[in-house]
file coords_11.cif (mmCIF, C-alpha atoms)
data_final
loop_
_atom_site.label_atom_id
_atom_site.label_comp_id
_atom_site.auth_asym_id
_atom_site.auth_seq_id
_atom_site.Cartn_x
_atom_site.Cartn_y
_atom_site.Cartn_z
CA MET R 4 148.95 190.25 42.54
CA THR R 5 150.55 188.45 45.44
CA ILE R 6 153.55 186.34 44.52
CA THR R 7 154.64 183.65 46.94
CA LEU R 8 158.05 182.01 46.77
CA ASN R 9 158.65 178.59 48.29
CA TYR R 10 162.23 177.50 48.93
CA ASP R 11 164.47 175.87 51.48
CA THR R 12 166.53 178.15 53.69
CA PRO R 13 169.85 178.54 51.90
CA ALA R 14 173.02 177.27 53.50
CA GLU R 15 175.83 179.63 54.39
CA GLY R 16 177.88 180.38 51.29
CA GLN R 17 175.19 179.11 48.92
CA VAL R 18 175.25 181.12 45.67
CA ARG R 19 171.83 180.44 44.18
CA LEU R 20 168.33 180.06 45.49
CA ALA R 21 165.86 177.75 43.79
CA GLY R 22 162.27 176.86 44.46
CA THR R 23 158.72 177.29 43.25
CA TYR R 24 156.39 180.25 43.03
CA GLU R 25 152.67 180.90 43.03
CA ALA R 26 151.09 183.99 41.52
CA GLY R 27 147.33 183.72 41.53
CA GLU R 28 146.47 180.81 39.27
CA ILE R 29 149.98 180.77 37.79
CA SER R 30 152.75 178.66 39.25
CA GLY R 31 156.21 177.62 38.22
CA SER R 32 159.79 177.40 39.38
CA PHE R 33 162.61 179.88 39.78
CA SER R 34 166.34 180.04 40.28
CA CYS R 35 168.27 183.21 41.09
CA PRO R 36 171.59 184.44 42.45
CA ILE R 37 171.60 185.07 46.20
CA ILE R 38 172.49 188.69 46.90
CA TYR R 39 175.18 189.17 49.52
CA ASN R 40 176.02 192.21 51.62
CA GLY R 41 179.55 191.40 52.55
CA LEU R 42 179.33 187.89 53.97
CA SER R 43 175.64 188.13 54.84
CA GLN R 44 172.87 186.85 52.63
CA ASP R 45 170.35 189.53 51.72
CA ILE R 46 167.33 187.31 51.29
CA ALA R 47 164.90 190.25 51.22
CA THR R 48 166.61 191.74 48.16
CA THR R 49 167.00 188.32 46.59
CA GLU R 50 163.29 187.68 46.98
CA SER R 51 162.43 191.17 45.76
CA ARG R 52 164.41 190.74 42.53
CA THR R 53 162.86 187.35 41.90
CA LYS R 54 159.32 188.58 42.52
CA LEU R 55 159.98 191.57 40.24
CA THR R 56 161.12 189.20 37.50
CA ILE R 57 158.00 187.07 37.88
CA GLN R 58 155.78 190.17 38.00
CA GLU R 59 157.37 191.68 34.91
CA SER R 60 157.08 188.37 33.11
CA LEU R 61 153.39 188.13 33.92
CA ASP R 62 152.81 191.79 33.03
CA SER R 63 154.89 191.80 29.88
CA GLU R 64 152.05 191.41 27.43
CA ASN R 65 150.21 194.54 28.47
CA THR R 66 152.29 196.99 30.48
CA MET H 25 177.51 171.88 16.07
CA ALA H 26 180.81 171.67 17.85
CA LEU H 27 183.82 169.99 16.27
CA PRO H 28 184.60 166.45 17.48
CA SER H 29 186.40 166.15 20.79
CA SER H 30 188.79 163.46 19.53
CA GLY H 31 189.82 161.54 16.44
CA THR H 32 190.34 162.89 12.97
CA ILE H 33 189.65 166.52 12.37
CA THR H 34 190.07 168.22 9.01
CA LEU H 35 190.63 171.81 7.97
CA ASN H 36 187.41 171.57 5.96
CA GLU H 37 185.44 170.67 9.12
CA ILE H 38 187.00 173.57 10.97
CA HIS H 39 186.22 175.90 8.07
CA ILE H 40 182.55 174.84 8.05
CA GLU H 41 182.27 175.34 11.81
CA ALA H 42 183.63 178.85 11.31
CA GLY H 43 180.88 179.54 8.81
CA GLY H 44 182.78 178.74 5.61
CA THR H 45 181.60 176.74 2.61
CA THR H 46 182.74 173.16 2.27
CA GLY H 47 185.53 172.56 -0.20
CA THR H 48 186.52 176.20 -0.51
CA LEU H 49 189.94 177.66 0.16
CA ALA H 50 190.88 178.11 3.81
CA SER H 51 193.94 178.24 6.03
CA ILE H 52 194.28 177.74 9.76
CA ASN H 53 195.52 181.32 10.02
CA ASP H 54 192.26 182.77 8.65
CA ALA H 55 190.72 185.16 11.18
CA ASP H 56 187.39 183.31 11.43
CA ILE H 57 189.13 179.97 11.97
CA ARG H 58 191.51 181.37 14.58
CA ALA H 59 188.55 182.99 16.33
CA LEU H 60 187.12 179.57 17.16
CA ILE H 61 189.97 179.02 19.60
CA GLY H 62 190.88 182.61 20.36
CA LYS H 63 194.27 182.63 18.64
CA ALA H 64 196.13 185.72 17.44
CA ASP H 65 197.40 186.16 13.89
CA GLY H 66 200.48 184.12 13.02
CA VAL H 67 200.93 182.27 16.31
CA GLU H 68 201.79 178.57 16.46
CA MET H 69 198.72 176.32 16.43
CA SER H 70 198.05 172.60 16.42
CA PHE H 71 195.02 170.87 14.89
CA ASN H 72 194.14 169.21 18.20
CA GLU H 73 193.47 172.66 19.66
CA TRP H 74 190.23 172.71 17.64
CA TYR H 75 188.87 169.62 19.39
CA GLY H 76 185.44 170.56 20.74
CA ALA H 77 185.61 174.09 19.33
CA SER H 78 182.30 175.72 18.49
CA ALA H 79 181.29 178.90 16.75
CA GLY H 80 178.36 179.12 19.14
CA ILE H 81 174.69 179.57 18.40
CA VAL H 82 174.05 182.96 16.87
CA VAL H 83 170.54 184.39 17.08
CA THR H 84 169.98 187.48 14.98
CA VAL H 85 167.21 189.74 16.21
CA THR H 86 165.54 192.13 13.78
CA GLU H 87 164.30 194.60 16.30
CA GLY H 88 160.84 195.94 16.84
CA SER H 89 159.47 198.25 19.54
CA ASP H 90 156.67 197.55 21.98
CA ILE H 91 156.00 200.64 24.05
CA PHE H 92 153.62 201.02 26.98
CA ALA H 93 153.10 203.68 29.65
CA SER H 94 155.33 202.06 32.27
CA ALA H 95 157.69 199.90 30.20
CA ALA H 96 159.17 199.56 26.74
CA TYR H 97 160.54 196.48 25.00
CA TYR H 98 163.06 196.56 22.16
CA GLY H 99 163.90 193.43 20.22
CA PHE H 100 161.82 190.35 19.47
CA ARG H 101 158.56 189.43 21.18
CA GLU H 102 156.72 186.41 19.85
CA GLU H 103 154.22 186.68 22.68
CA GLN H 104 152.51 189.61 20.96
CA THR H 105 150.13 189.31 18.00
CA PRO H 106 151.48 190.06 15.53
CA ASP H 107 155.06 189.42 16.60
CA ILE H 108 157.16 192.41 17.53
CA GLY H 109 160.32 192.16 15.43
CA SER H 110 161.64 188.85 14.21
CA VAL H 111 164.42 186.41 14.94
CA SER H 112 166.63 184.10 12.92
CA PRO H 113 166.77 181.22 13.42
CA THR H 114 163.31 180.90 14.97
CA SER H 115 164.41 177.94 17.07
CA ILE H 116 167.69 176.65 18.40
CA THR H 117 168.91 173.12 19.03
CA PHE H 118 171.04 171.96 21.93
CA ASP H 119 171.24 168.85 24.08
CA GLY H 120 169.44 167.01 21.28
CA LYS H 121 166.25 169.11 21.52
CA THR H 122 164.91 172.03 19.50
CA HIS H 123 163.46 175.00 21.35
CA PRO H 124 161.54 177.83 19.62
CA VAL H 125 162.72 181.30 20.57
CA ARG H 126 159.87 183.18 22.26
CA ASP H 127 161.54 186.48 23.12
CA ALA H 128 164.85 188.32 23.08
CA TYR H 129 164.63 191.92 24.14
CA ARG H 130 165.78 194.85 26.22
CA ARG H 131 163.14 195.89 28.76
CA VAL H 132 163.26 199.34 30.23
CA ASN H 133 161.11 201.21 32.73
CA ARG H 134 159.31 204.19 31.24
CA SER H 135 157.63 207.21 32.77
CA GLY H 136 156.13 210.33 31.23
CA GLY H 137 156.90 209.01 27.78
CA VAL H 138 160.61 208.73 28.50
CA ASP H 139 162.69 205.56 28.85
CA ASP H 140 164.93 205.22 31.88
CA ASP H 141 167.84 203.44 30.22
CA SER H 142 169.51 202.90 33.59
CA THR H 143 166.87 200.22 34.22
CA SER H 144 167.62 198.25 31.05
CA ALA H 145 167.32 194.51 31.51
CA PHE H 146 168.01 191.74 29.02
CA TRP H 147 165.50 188.93 28.65
CA PHE H 148 165.83 185.75 26.64
CA ILE H 149 162.95 183.28 26.61
CA LEU H 150 162.73 179.81 25.07
CA TYR H 151 159.76 177.50 24.72
CA ASN H 152 160.08 173.92 25.83
CA ALA H 153 160.82 171.36 23.13
CA SER H 154 157.85 169.81 21.30
CA ASP H 155 157.99 166.81 23.65
CA GLY H 156 157.83 169.10 26.68
CA THR H 157 161.52 168.96 27.54
CA VAL H 158 162.47 172.01 29.58
CA PRO H 159 165.85 173.53 28.70
CA ALA H 160 168.45 173.27 31.45
CA ASP H 161 169.19 176.49 33.32
CA ASP H 162 172.80 176.24 32.26
CA TRP H 163 172.55 174.78 28.76
CA PHE H 164 174.89 177.58 27.70
CA SER H 165 178.13 178.53 29.41
CA SER H 166 177.89 182.16 28.33
CA VAL H 167 175.82 184.46 26.18
CA GLU H 168 177.28 187.39 24.30
CA VAL H 169 174.89 190.30 23.75
CA GLN H 170 175.76 192.74 20.99
CA THR H 171 175.88 196.39 21.97
CA SER H 172 176.97 199.52 20.13
CA GLY H 173 180.36 199.10 21.85
CA ALA H 174 182.02 195.91 22.98
CA SER H 175 179.63 193.01 23.36
CA VAL H 176 178.55 192.07 26.88
CA THR H 177 179.18 188.52 28.07
CA LEU H 178 176.76 187.12 30.62
CA THR H 179 176.56 183.71 32.27
CA PRO H 180 173.70 181.57 33.59
CA ALA H 181 175.04 182.13 37.11
CA GLU H 182 174.07 185.81 36.91
CA ALA H 183 170.58 185.16 35.56
CA THR H 184 167.30 185.10 37.37
CA ILE H 185 165.54 182.14 35.76
CA VAL H 186 161.82 181.54 35.78
CA THR H 187 159.83 178.67 34.32
CA SER H 188 156.12 178.58 33.71
CA GLY H 189 153.65 176.28 32.04
CA SER H 190 154.36 172.77 30.86
CA GLY H 191 154.47 170.77 27.67
CA ALA H 192 155.41 172.43 24.41
CA THR H 193 153.87 175.75 25.44
CA GLY H 194 155.82 175.94 28.69
CA ARG H 195 158.76 178.27 28.73
CA LYS H 196 161.94 179.25 30.53
CA GLU H 197 163.12 182.83 30.90
CA TRP H 198 166.61 184.14 31.60
CA ARG H 199 166.56 187.68 32.94
CA TYR H 200 169.60 189.90 33.53
CA PHE H 201 169.23 193.01 35.66
CA SER H 202 170.72 196.40 34.87
CA SER H 203 173.13 195.75 37.74
CA ASP H 204 174.70 192.99 35.64
CA PHE H 205 175.94 195.71 33.26
CA THR H 206 178.48 198.47 33.81
CA ALA H 207 177.37 202.05 33.19
CA THR H 208 179.13 202.08 29.83
CA GLU H 209 177.61 198.74 28.88
CA LEU H 210 174.15 200.04 29.76
CA THR H 211 174.65 203.06 27.51
CA ASN H 212 175.85 200.88 24.65
CA PHE H 213 173.12 198.31 25.26
CA ALA H 214 170.43 200.99 25.01
CA ALA H 215 172.02 202.46 21.87
CA GLN H 216 172.08 199.06 20.15
CA TRP H 217 168.74 197.66 21.33
CA ASP H 218 166.64 200.65 20.33
CA GLY H 219 163.96 198.98 18.23
CA SER H 220 165.73 199.41 14.91
CA GLY H 221 168.21 197.37 12.86
CA THR H 222 169.52 193.97 13.89
CA SER H 223 171.34 192.75 16.98
CA THR H 224 172.93 189.41 17.71
CA VAL H 225 172.87 187.15 20.73
CA THR H 226 175.54 184.43 20.66
CA PHE H 227 175.39 181.43 22.94
CA THR H 228 178.43 179.34 23.75
CA GLU H 229 177.56 175.85 24.98
#
call {"tool": "encode", "arguments": {"input": "coords_11.cif", "output": "structure tokens"}}
result
Amino acid sequence: MTITLNYDTPAEGQVRLAGTYEAGEISGSFSCPIIYNGLSQDIATTESRTKLTIQESLDSENT
Amino acid sequence: MALPSSGTITLNEIHIEAGGTTGTLASINDADIRALIGKADGVEMSFNEWYGASAGIVVTVTEGSDIFASAAYYGFREEQTPDIGSVSPTSITFDGKTHPVRDAYRRVNRSGGVDDDSTSAFWFILYNASDGTVPADDWFSSVEVQTSGASVTLTPAEATIVTSGSGATGRKEWRYFSSDFTATELTNFAAQWDGSGTSTVTFTE
């Protein structure tokens, strides 16, 4: 299932990312810590952890 | 319910907040009463130090196991029919609203019939209130998860938080990754949340 996150580009130094998600017919909102590598935001990892959380939540009844 | 933040405060009120029975014998040096404000035995204390003190919201999970090919869940899962495990109380009240507890469990990846405890994650899920009110992300300042060793204290800032649905059946989920635990904490977490016995989750507002 494709999960799409929608959020505003975080500002430098921002600690959390918040927005909405769509996963098929399911939608909702999310908030998560922004992962940093040193002083750089690692948005790919931040997104990956959030999508994993949404996926595991959706899968949790049968996997 | 937290003690008042000002005005008159009695030893009986403090005793009740600490879990005691009204009108029974208590002293401010009792361990459970001192614990409300983190005081050591025999140190000087003043009654106004208990203003706003709270014993926290304690959720006791009688654990069950829910095991699949690629994941296992240990704790309470209301989403399954019948429920996996149980929880007491079944709902918690904060900010003037009551929210049923949907889930409180350790989730672990599983392969070949073996759990990978290094992937243990803690999930806590609440339903919205009956009027549809969604709990705030940070309604608690910290949550203390019992393990077989020292308890692990987590904060909303560390959580990945997901909401879904709306109305009374909507829910909010707080998920903590294995990376939020030290190696020792992960070992103790897995030993405690193993699908047997009871484990506590204590929220401080």
call {"tool": "interface_residues", "arguments": {"input": "coords_11.cif", "of": "chain H", "to": "chain R", "cutoff": "10 Å", "atoms": "only C-alpha atoms", "output": "PyMOL selection string"}}
result
chain H and resi 90-97+101+103-105+131+147+161+180-190+194-201
call {"tool": "write_last_selection", "arguments": {"input": "coords_11.cif", "atoms": "C-alpha atoms", "output": "compact mmCIF listing (two decimals), in the coordinates of the input"}}
result
# COMPACT_ATOMS: atom_id res chain seq x y z
CA ASP H 90 156.67 197.55 21.98
CA ILE H 91 156.00 200.64 24.05
CA PHE H 92 153.62 201.02 26.98
CA ALA H 93 153.10 203.68 29.65
CA SER H 94 155.33 202.06 32.27
CA ALA H 95 157.69 199.90 30.20
CA ALA H 96 159.17 199.56 26.74
CA TYR H 97 160.54 196.48 25.00
CA ARG H 101 158.56 189.43 21.18
CA GLU H 103 154.22 186.68 22.68
CA GLN H 104 152.51 189.61 20.96
CA THR H 105 150.13 189.31 18.00
CA ARG H 131 163.14 195.89 28.76
CA TRP H 147 165.50 188.93 28.65
CA ASP H 161 169.19 176.49 33.32
CA PRO H 180 173.70 181.57 33.59
CA ALA H 181 175.04 182.13 37.11
CA GLU H 182 174.07 185.81 36.91
CA ALA H 183 170.58 185.16 35.56
CA THR H 184 167.30 185.10 37.37
CA ILE H 185 165.54 182.14 35.76
CA VAL H 186 161.82 181.54 35.78
CA THR H 187 159.83 178.67 34.32
CA SER H 188 156.12 178.58 33.71
CA GLY H 189 153.65 176.28 32.04
CA SER H 190 154.36 172.77 30.86
CA GLY H 194 155.82 175.94 28.69
CA ARG H 195 158.76 178.27 28.73
CA LYS H 196 161.94 179.25 30.53
CA GLU H 197 163.12 182.83 30.90
CA TRP H 198 166.61 184.14 31.60
CA ARG H 199 166.56 187.68 32.94
CA TYR H 200 169.60 189.90 33.53
CA PHE H 201 169.23 193.01 35.66
call {"tool": "residues_around", "arguments": {"input": "coords_11.cif", "residues": "H:Glu87", "least_positions_apart": "4", "cutoff": "7 Å", "atoms": "all atoms listed in the file", "output": "PyMOL selection string"}}
result
chain H and resi 98-100+109-110+219-222
call {"tool": "residues_around", "arguments": {"input": "coords_11.cif", "residues": "H:Thr177", "least_positions_apart": "5", "cutoff": "8 Å", "atoms": "only C-alpha atoms", "output": "number ranges by chain"}}
result
H: 166-169
call {"tool": "residues_around", "arguments": {"input": "coords_11.cif", "residues": "H:Leu27", "least_positions_apart": "4", "cutoff": "12 Å", "atoms": "all atoms listed in the file", "output": "PyMOL selection string"}}
result
chain H and resi 31-42+60-61+71-80
call {"tool": "residues_near_point", "arguments": {"input": "coords_11.cif", "point": "(180.9, 183.7, 54.0)", "cutoff": "10 Å", "atoms": "all atoms listed in the file", "output": "PyMOL selection string"}}
result
chain R and resi 15-17+39+41-44
call {"tool": "closest_residue", "arguments": {"input": "coords_11.cif", "among": "H:Ser30, H:Ser202, H:Ala160, H:Glu102", "to": "H:Asn133", "atoms": "only C-alpha atoms"}}
result
H:Ser202
call {"tool": "closest_residue", "arguments": {"input": "coords_11.cif", "among": "H:Phe227, H:Phe213, H:Phe205, H:Phe118", "to": "H:Pro159", "atoms": "only C-alpha atoms"}}
result
H:Phe118
call {"tool": "atom_distance", "arguments": {"input": "coords_11.cif", "atom1": "atom CA of H:Val85", "atom2": "atom CA of H:Pro124"}}
result
13.6 Å
call {"tool": "axis_aligned_box", "arguments": {"input": "coords_11.cif", "around": "stretch 124-132 of chain H", "padding_each_side": "4 Å", "output": "lines of an AutoDock Vina configuration file"}}
result
center_x = 162.8
center_y = 188.6
center_z = 24.9
size_x = 13.9
size_y = 29.5
size_z = 18.6
call {"tool": "build_atoms", "arguments": {"input": "coords_11.cif", "residues": "stretch 125-143 of chain H", "atoms": "N, CA and C atoms", "output": "PDB file, keeping the file's coordinate frame"}}
result
ATOM      1  N   VAL H 125     162.378 180.069  19.854  1.00  0.00           N
ATOM      2  CA  VAL H 125     162.720 181.300  20.570  1.00  0.00           C
ATOM      3  C   VAL H 125     161.437 182.108  20.756  1.00  0.00           C
ATOM      4  N   ARG H 126     161.088 182.400  22.000  1.00  0.00           N
ATOM      5  CA  ARG H 126     159.870 183.180  22.260  1.00  0.00           C
ATOM      6  C   ARG H 126     160.174 184.672  22.270  1.00  0.00           C
ATOM      7  N   ASP H 127     161.231 185.059  22.969  1.00  0.00           N
ATOM      8  CA  ASP H 127     161.540 186.480  23.120  1.00  0.00           C
ATOM      9  C   ASP H 127     163.038 186.688  23.257  1.00  0.00           C
ATOM     10  N   ALA H 128     163.494 187.840  22.812  1.00  0.00           N
ATOM     11  CA  ALA H 128     164.850 188.320  23.080  1.00  0.00           C
ATOM     12  C   ALA H 128     164.763 189.830  23.009  1.00  0.00           C
ATOM     13  N   TYR H 129     164.859 190.483  24.166  1.00  0.00           N
ATOM     14  CA  TYR H 129     164.630 191.920  24.140  1.00  0.00           C
ATOM     15  C   TYR H 129     165.313 192.647  25.302  1.00  0.00           C
ATOM     16  N   ARG H 130     165.391 193.955  25.129  1.00  0.00           N
ATOM     17  CA  ARG H 130     165.780 194.850  26.220  1.00  0.00           C
ATOM     18  C   ARG H 130     164.481 195.428  26.788  1.00  0.00           C
ATOM     19  N   ARG H 131     164.302 195.289  28.099  1.00  0.00           N
ATOM     20  CA  ARG H 131     163.140 195.890  28.760  1.00  0.00           C
ATOM     21  C   ARG H 131     163.620 197.066  29.582  1.00  0.00           C
ATOM     22  N   VAL H 132     162.866 198.144  29.501  1.00  0.00           N
ATOM     23  CA  VAL H 132     163.260 199.340  30.230  1.00  0.00           C
ATOM     24  C   VAL H 132     162.020 199.949  30.889  1.00  0.00           C
ATOM     25  N   ASN H 133     162.219 200.484  32.093  1.00  0.00           N
ATOM     26  CA  ASN H 133     161.110 201.210  32.730  1.00  0.00           C
ATOM     27  C   ASN H 133     160.900 202.527  31.986  1.00  0.00           C
ATOM     28  N   ARG H 134     159.654 203.014  32.022  1.00  0.00           N
ATOM     29  CA  ARG H 134     159.310 204.190  31.240  1.00  0.00           C
ATOM     30  C   ARG H 134     158.322 205.028  32.066  1.00  0.00           C
ATOM     31  N   SER H 135     158.528 206.317  32.031  1.00  0.00           N
ATOM     32  CA  SER H 135     157.630 207.210  32.770  1.00  0.00           C
ATOM     33  C   SER H 135     157.532 208.526  32.012  1.00  0.00           C
ATOM     34  N   GLY H 136     156.312 209.052  31.917  1.00  0.00           N
ATOM     35  CA  GLY H 136     156.130 210.330  31.230  1.00  0.00           C
ATOM     36  C   GLY H 136     156.566 210.300  29.781  1.00  0.00           C
ATOM     37  N   GLY H 137     156.510 209.133  29.181  1.00  0.00           N
ATOM     38  CA  GLY H 137     156.900 209.010  27.780  1.00  0.00           C
ATOM     39  C   GLY H 137     158.398 208.929  27.549  1.00  0.00           C
ATOM     40  N   VAL H 138     159.150 208.761  28.632  1.00  0.00           N
ATOM     41  CA  VAL H 138     160.610 208.730  28.500  1.00  0.00           C
ATOM     42  C   VAL H 138     161.157 207.435  29.093  1.00  0.00           C
ATOM     43  N   ASP H 139     162.032 206.775  28.349  1.00  0.00           N
ATOM     44  CA  ASP H 139     162.690 205.560  28.850  1.00  0.00           C
ATOM     45  C   ASP H 139     163.726 205.929  29.904  1.00  0.00           C
ATOM     46  N   ASP H 140     163.836 205.096  30.917  1.00  0.00           N
ATOM     47  CA  ASP H 140     164.930 205.220  31.880  1.00  0.00           C
ATOM     48  C   ASP H 140     165.932 204.108  31.549  1.00  0.00           C
ATOM     49  N   ASP H 141     166.909 204.457  30.704  1.00  0.00           N
ATOM     50  CA  ASP H 141     167.840 203.440  30.220  1.00  0.00           C
ATOM     51  C   ASP H 141     168.692 202.823  31.330  1.00  0.00           C
ATOM     52  N   SER H 142     168.739 203.477  32.489  1.00  0.00           N
ATOM     53  CA  SER H 142     169.510 202.900  33.590  1.00  0.00           C
ATOM     54  C   SER H 142     168.834 201.650  34.149  1.00  0.00           C
ATOM     55  N   THR H 143     167.588 201.408  33.742  1.00  0.00           N
ATOM     56  CA  THR H 143     166.870 200.220  34.220  1.00  0.00           C
ATOM     57  C   THR H 143     166.869 199.090  33.192  1.00  0.00           C
TER      58      THR H 143
END
